[in-house]
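Q: Below is the file input.cif, which contains mmCIF, C-alpha atoms.
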data_structure
loop_
_atom_site.group_PDB
_atom_site.id
_atom_site.type_symbol
_atom_site.label_atom_id
_atom_site.label_comp_id
_atom_site.auth_asym_id
_atom_site.auth_seq_id
_atom_site.Cartn_x
_atom_site.Cartn_y
_atom_site.Cartn_z
ATOM 1 C CA MET A 23 146.761 101.455 55.969
ATOM 2 C CA LEU A 24 144.719 103.608 58.145
ATOM 3 C CA LYS A 25 145.765 104.169 61.647
ATOM 4 C CA ILE A 26 142.953 104.715 64.069
ATOM 5 C CA LYS A 27 143.827 106.761 67.100
ATOM 6 C CA LYS A 28 142.405 105.261 70.255
ATOM 7 C CA SER A 29 141.500 107.555 73.118
ATOM 8 C CA LYS A 30 142.783 106.452 76.480
ATOM 9 C CA LYS A 31 140.529 108.824 78.427
ATOM 10 C CA GLY A 32 137.963 106.077 79.102
ATOM 11 C CA ILE A 33 140.488 103.867 80.846
ATOM 12 C CA SER A 34 141.775 106.631 83.115
ATOM 13 C CA LEU A 35 138.185 107.612 83.946
ATOM 14 C CA MET A 36 137.406 104.013 84.948
ATOM 15 C CA ILE A 37 140.517 103.859 87.139
ATOM 16 C CA ALA A 38 139.474 107.110 88.827
ATOM 17 C CA TYR A 39 135.994 105.721 89.615
ATOM 18 C CA LEU A 40 137.484 102.482 90.887
ATOM 19 C CA LEU A 41 139.851 104.379 93.178
ATOM 20 C CA LEU A 42 137.013 106.618 94.413
ATOM 21 C CA VAL A 43 134.750 103.664 95.258
ATOM 22 C CA SER A 44 137.532 101.716 96.968
ATOM 23 C CA MET A 45 138.495 104.774 99.051
ATOM 24 C CA GLY A 46 134.849 105.174 100.076
ATOM 25 C CA ILE A 47 134.692 101.524 101.166
ATOM 26 C CA VAL A 48 137.937 101.781 103.145
ATOM 27 C CA LEU A 49 136.767 104.985 104.875
ATOM 28 C CA SER A 50 133.414 103.425 105.742
ATOM 29 C CA ILE A 51 135.210 100.463 107.362
ATOM 30 C CA PHE A 52 137.298 102.851 109.493
ATOM 31 C CA VAL A 53 134.226 104.884 110.512
ATOM 32 C CA TYR A 54 132.254 101.722 111.351
ATOM 33 C CA ASN A 55 135.034 100.363 113.568
ATOM 34 C CA TYR A 56 135.387 103.737 115.295
ATOM 35 C CA LEU A 57 131.648 104.130 115.982
ATOM 36 C CA LYS A 58 131.324 100.521 117.121
ATOM 37 C CA THR A 59 133.231 101.437 120.293
ATOM 38 C CA TYR A 60 130.427 103.820 121.344
ATOM 39 C CA VAL A 61 127.658 101.200 121.294
ATOM 40 C CA PRO A 62 127.415 98.982 124.391
ATOM 41 C CA LYS A 63 127.870 95.305 123.690
ATOM 42 C CA GLU A 64 125.127 94.041 125.993
ATOM 43 C CA PRO A 65 122.924 95.836 128.503
ATOM 44 C CA PRO A 66 124.015 95.663 132.130
ATOM 45 C CA GLN A 67 122.028 93.174 134.158
ATOM 46 C CA CYS A 68 121.611 92.165 137.768
ATOM 47 C CA PRO A 69 123.392 89.055 139.018
ATOM 48 C CA ASP A 70 121.428 85.815 138.781
ATOM 49 C CA GLY A 71 121.187 85.423 142.560
ATOM 50 C CA VAL A 72 118.820 88.393 143.068
ATOM 51 C CA SER A 73 115.487 87.217 144.446
ATOM 52 C CA ILE A 74 112.629 88.658 146.451
ATOM 53 C CA PHE A 75 109.682 86.898 148.057
ATOM 54 C CA ILE A 76 106.225 88.195 149.022
ATOM 55 C CA GLN A 77 105.838 86.815 152.519
ATOM 56 C CA ASN A 78 102.464 88.351 153.302
ATOM 57 C CA THR A 79 99.824 90.575 151.717
ATOM 58 C CA SER A 80 96.764 91.935 153.433
ATOM 59 C CA CYS A 81 94.163 94.595 152.845
ATOM 60 C CA ASP A 82 93.134 96.785 155.743
ATOM 61 C CA GLY A 83 90.396 99.100 154.470
ATOM 62 C CA SER A 84 92.014 101.224 151.789
ATOM 63 C CA LEU A 85 95.558 100.126 152.691
ATOM 64 C CA LEU A 86 97.435 97.322 150.977
ATOM 65 C CA ASN A 87 100.094 95.910 153.309
ATOM 66 C CA ILE A 88 102.980 93.916 151.852
ATOM 67 C CA THR A 89 105.772 92.132 153.704
ATOM 68 C CA LEU A 90 108.736 91.294 151.488
ATOM 69 C CA LYS A 91 111.707 89.075 152.205
ATOM 70 C CA ASN A 92 115.024 89.178 150.391
ATOM 71 C CA ASN A 93 115.698 85.481 149.861
ATOM 72 C CA GLY A 94 118.452 85.962 147.281
ATOM 73 C CA ARG A 95 122.215 86.037 147.531
ATOM 74 C CA PHE A 96 122.628 89.801 147.041
ATOM 75 C CA TYR A 97 121.482 92.977 148.748
ATOM 76 C CA ILE A 98 118.929 95.025 146.818
ATOM 77 C CA ALA A 99 118.123 98.733 146.724
ATOM 78 C CA GLY A 100 114.358 98.518 146.341
ATOM 79 C CA TYR A 101 111.727 97.431 143.870
ATOM 80 C CA TYR A 102 109.100 98.478 141.355
ATOM 81 C CA VAL A 103 105.594 97.547 142.401
ATOM 82 C CA TYR A 104 102.589 97.378 140.067
ATOM 83 C CA ILE A 105 99.070 96.137 140.552
ATOM 84 C CA GLY A 106 96.564 95.042 137.972
ATOM 85 C CA ASN A 107 92.798 94.984 138.132
ATOM 86 C CA ASP A 108 91.962 93.877 134.596
ATOM 87 C CA PRO A 109 92.118 90.078 134.182
ATOM 88 C CA SER A 110 92.088 90.366 130.386
ATOM 89 C CA LYS A 111 95.427 92.273 130.345
ATOM 90 C CA LYS A 112 97.301 89.723 132.479
ATOM 91 C CA ILE A 113 99.908 92.378 133.283
ATOM 92 C CA ALA A 114 100.032 94.807 136.152
ATOM 93 C CA ASP A 115 99.944 98.347 134.809
ATOM 94 C CA ILE A 116 99.220 100.593 137.802
ATOM 95 C CA SER A 117 102.306 101.803 139.678
ATOM 96 C CA LEU A 118 102.056 102.053 143.454
ATOM 97 C CA ALA A 119 105.217 104.114 143.934
ATOM 98 C CA ASP A 120 103.308 107.363 144.417
ATOM 99 C CA LYS A 121 100.789 105.703 146.757
ATOM 100 C CA ILE A 122 103.274 104.594 149.429
ATOM 101 C CA VAL A 123 102.234 105.367 152.998
ATOM 102 C CA LYS A 124 104.822 103.473 155.043
ATOM 103 C CA GLY A 125 108.029 101.611 154.345
ATOM 104 C CA GLY A 126 110.304 103.162 151.733
ATOM 105 C CA HIS A 127 110.629 106.231 149.559
ATOM 106 C CA ALA A 128 109.350 106.722 146.033
ATOM 107 C CA TYR A 129 112.154 107.544 143.628
ATOM 108 C CA GLY A 130 111.740 107.524 139.859
ATOM 109 C CA GLY A 131 108.767 105.163 139.959
ATOM 110 C CA ALA A 132 110.486 102.703 142.292
ATOM 111 C CA ILE A 133 110.355 102.106 146.015
ATOM 112 C CA VAL A 134 113.862 102.489 147.430
ATOM 113 C CA TYR A 135 115.212 102.162 150.935
ATOM 114 C CA ALA A 136 117.624 104.530 152.644
ATOM 115 C CA GLY A 137 120.615 103.034 154.349
ATOM 116 C CA PRO A 138 124.362 103.200 154.859
ATOM 117 C CA SER A 139 125.021 101.471 151.527
ATOM 118 C CA GLU A 140 123.570 101.653 148.021
ATOM 119 C CA ASN A 141 121.711 98.349 148.557
ATOM 120 C CA PRO A 142 120.324 98.464 152.122
ATOM 121 C CA PHE A 143 117.768 95.623 151.805
ATOM 122 C CA SER A 144 120.024 92.866 153.123
ATOM 123 C CA VAL A 145 119.806 89.129 152.553
ATOM 124 C CA ASP A 146 117.249 87.284 154.770
ATOM 125 C CA SER A 147 115.759 90.545 156.024
ATOM 126 C CA LYS A 148 112.135 91.642 155.772
ATOM 127 C CA LYS A 149 110.567 94.941 154.783
ATOM 128 C CA PHE A 150 107.009 96.073 155.469
ATOM 129 C CA ASN A 151 105.265 98.527 153.136
ATOM 130 C CA SER A 152 101.777 100.049 153.083
ATOM 131 C CA PHE A 153 100.093 101.568 150.038
ATOM 132 C CA ASP A 154 96.905 103.623 149.770
ATOM 133 C CA ILE A 155 94.779 101.871 147.126
ATOM 134 C CA SER A 156 91.550 103.799 147.746
ATOM 135 C CA SER A 157 91.748 105.523 144.341
ATOM 136 C CA ILE A 158 91.984 102.234 142.415
ATOM 137 C CA ASN A 159 88.683 100.915 141.048
ATOM 138 C CA PRO A 160 87.821 98.081 140.876
ATOM 139 C CA SER A 161 89.855 96.411 143.584
ATOM 140 C CA PRO A 162 93.223 95.015 142.504
ATOM 141 C CA LEU A 163 93.479 91.358 141.502
ATOM 142 C CA PHE A 164 97.220 90.767 141.327
ATOM 143 C CA ILE A 165 100.550 92.388 142.138
ATOM 144 C CA GLU A 166 103.922 92.344 140.350
ATOM 145 C CA ILE A 167 107.208 93.246 142.000
ATOM 146 C CA ILE A 168 110.521 93.770 140.181
ATOM 147 C CA PRO A 169 113.637 94.127 142.388
ATOM 148 C CA THR A 170 116.282 96.779 141.729
ATOM 149 C CA ARG A 171 119.938 97.059 142.618
ATOM 150 C CA VAL A 172 122.729 99.617 142.515
ATOM 151 C CA ASP A 173 125.887 98.099 141.082
ATOM 152 C CA TYR A 174 129.126 99.121 139.408
ATOM 153 C CA VAL A 175 129.428 98.327 135.703
ATOM 154 C CA ASP A 176 132.723 99.335 134.042
ATOM 155 C CA ASN A 177 133.538 101.475 137.100
ATOM 156 C CA LYS A 178 130.262 103.393 136.737
ATOM 157 C CA LYS A 179 127.552 103.300 139.367
ATOM 158 C CA MET A 180 124.313 102.158 137.727
ATOM 159 C CA PHE A 181 120.734 101.578 138.873
ATOM 160 C CA LEU A 182 119.806 98.125 137.557
ATOM 161 C CA ILE A 183 116.341 96.631 137.135
ATOM 162 C CA CYS A 184 116.308 92.893 137.821
ATOM 163 C CA SER A 185 113.543 91.921 135.408
ATOM 164 C CA HIS A 186 114.549 88.252 135.500
ATOM 165 C CA ALA A 187 113.604 88.177 139.212
ATOM 166 C CA LYS A 188 110.062 89.569 138.739
ATOM 167 C CA ILE A 189 107.372 87.974 140.904
ATOM 168 C CA LYS A 190 103.601 87.972 140.552
ATOM 169 C CA GLU A 191 100.965 87.092 143.138
ATOM 170 C CA THR A 192 97.180 87.143 143.326
ATOM 171 C CA LEU A 193 95.617 89.478 145.885
ATOM 172 C CA ASN A 194 92.534 88.845 147.985
ATOM 173 C CA CYS A 195 91.275 92.359 148.647
ATOM 174 C CA PRO A 196 87.561 93.030 149.092
#
Just dump the structure as structure tokens.

A:
Amino acid sequence: MLKIKKSKKGISLMIAYLLLVSMGIVLSIFVYNYLKTYVPKEPPQCPDGVSIFIQNTSCDGSLLNITLKNNGRFYIAGYYVYIGNDPSKKIADISLADKIVKGGHAYGGAIVYAGPSENPFSVDSKKFNSFDISSINPSPLFIEIIPTRVDYVDNKKMFLICSHAKIKETLNCP
């Protein structure tokens, strides 16, 4: 009878590959769980009670005058204001932050108010703003306003944009 010697190198090589792959999978699970802590779970948002109302708009020559009222439940810091003059776009794409004449201060593309607190535009109060729209051709058709707020999220002070409280109104400027 012939005895055939069988090599056991193939089995040990397969066990080595199996151990290598399983170690790679286990390490990837640890790395994934570690890096998952760095990604925020959901973006910070304004409270649902934030609301702003355009009480009056008027055009006086090249000035656009807007009176806003905070009719929400929370104080706000300011707002983003955009006007649109192209009816086919249906969105306002021209920022008025750099065209402010009276009312607030332009900061990072937004109109913000100075006050003793981070959110000085109090509930049931009114703010009057004027903007120079002489450089905008043709005359604007509609305006969009998005309120902003300063709030603490996870003990960090953050500037929040309240996009769910955006308002849009048609303008009647000659």

Q: Please determine the residues with any atom at most 7 Å from (97.6, 94.2, 141.0) (coordinates as given in the file, with only C-alpha atoms counting) and report them as a list in words.

A: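 Every residue inside that radius is included here: Tyr104, Ile105, Gly106, Asn107, Ala114, Pro162, Leu163, Phe164, Ile165 and Glu166 of chain A.
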
Q: Compare A:Leu42, A:Cys68, A:Val134, A:Met36 by their minimum atom-to-atom distance to Tyr174 in chain A, counting all atoms listed in the file, and give me the closest one.

A: A:Cys68

Q: Which residue is closest to Asn93 in chain A? Choose from A:Leu182, A:Val145, A:Ile113, A:Ile189 and count all atoms listed in the file.

A: A:Val145

Q: Interatomic distance between CA of Ile167 in chain A and CA of Lys179 in chain A?

A: 22.8 Å

Q: List the spatial neighbours of Asp176 in chain A as a ChimeraX atom specification - criterion: any atom at most 12 Å away, all atoms listed in the file, same-chain residues fewer than 2 positions off excluded.

A: /A:62,65-66,173-174,178-180

Q: Please produce an output containing C-alpha atoms for each residue in the selection, written as a tab-separated table (two decimals), keeping the file's coordinate frame.

A:
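For reference, part-v6.tsv as written:
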chain	number	residue	atom	x	y	z
A	62	PRO	CA	127.42	98.98	124.39
A	65	PRO	CA	122.92	95.84	128.50
A	66	PRO	CA	124.02	95.66	132.13
A	173	ASP	CA	125.89	98.10	141.08
A	174	TYR	CA	129.13	99.12	139.41
A	178	LYS	CA	130.26	103.39	136.74
A	179	LYS	CA	127.55	103.30	139.37
A	180	MET	CA	124.31	102.16	137.73

Q: What is the distance, in Å and to one decimal place, between CA of Val72 in chain A and CA of Asp115 in chain A?

A: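 Between these atoms lies a distance of 22.9 Å.
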
Q: Quick one: residues within 6 Å of Ala132 in chain A, all atoms listed in the file counted, chain neighbours fewer than 3 positions away excluded, as a short mmCIF file (atom, residue, chain, number, x, y, z; two decimals) with C-alpha atoms, keeping the file's coordinate frame?

A:
data_model
loop_
_atom_site.label_atom_id
_atom_site.label_comp_id
_atom_site.auth_asym_id
_atom_site.auth_seq_id
_atom_site.Cartn_x
_atom_site.Cartn_y
_atom_site.Cartn_z
CA TYR A 101 111.73 97.43 143.87
CA TYR A 102 109.10 98.48 141.35
CA ALA A 119 105.22 104.11 143.93
CA ALA A 128 109.35 106.72 146.03
CA TYR A 129 112.15 107.54 143.63
#
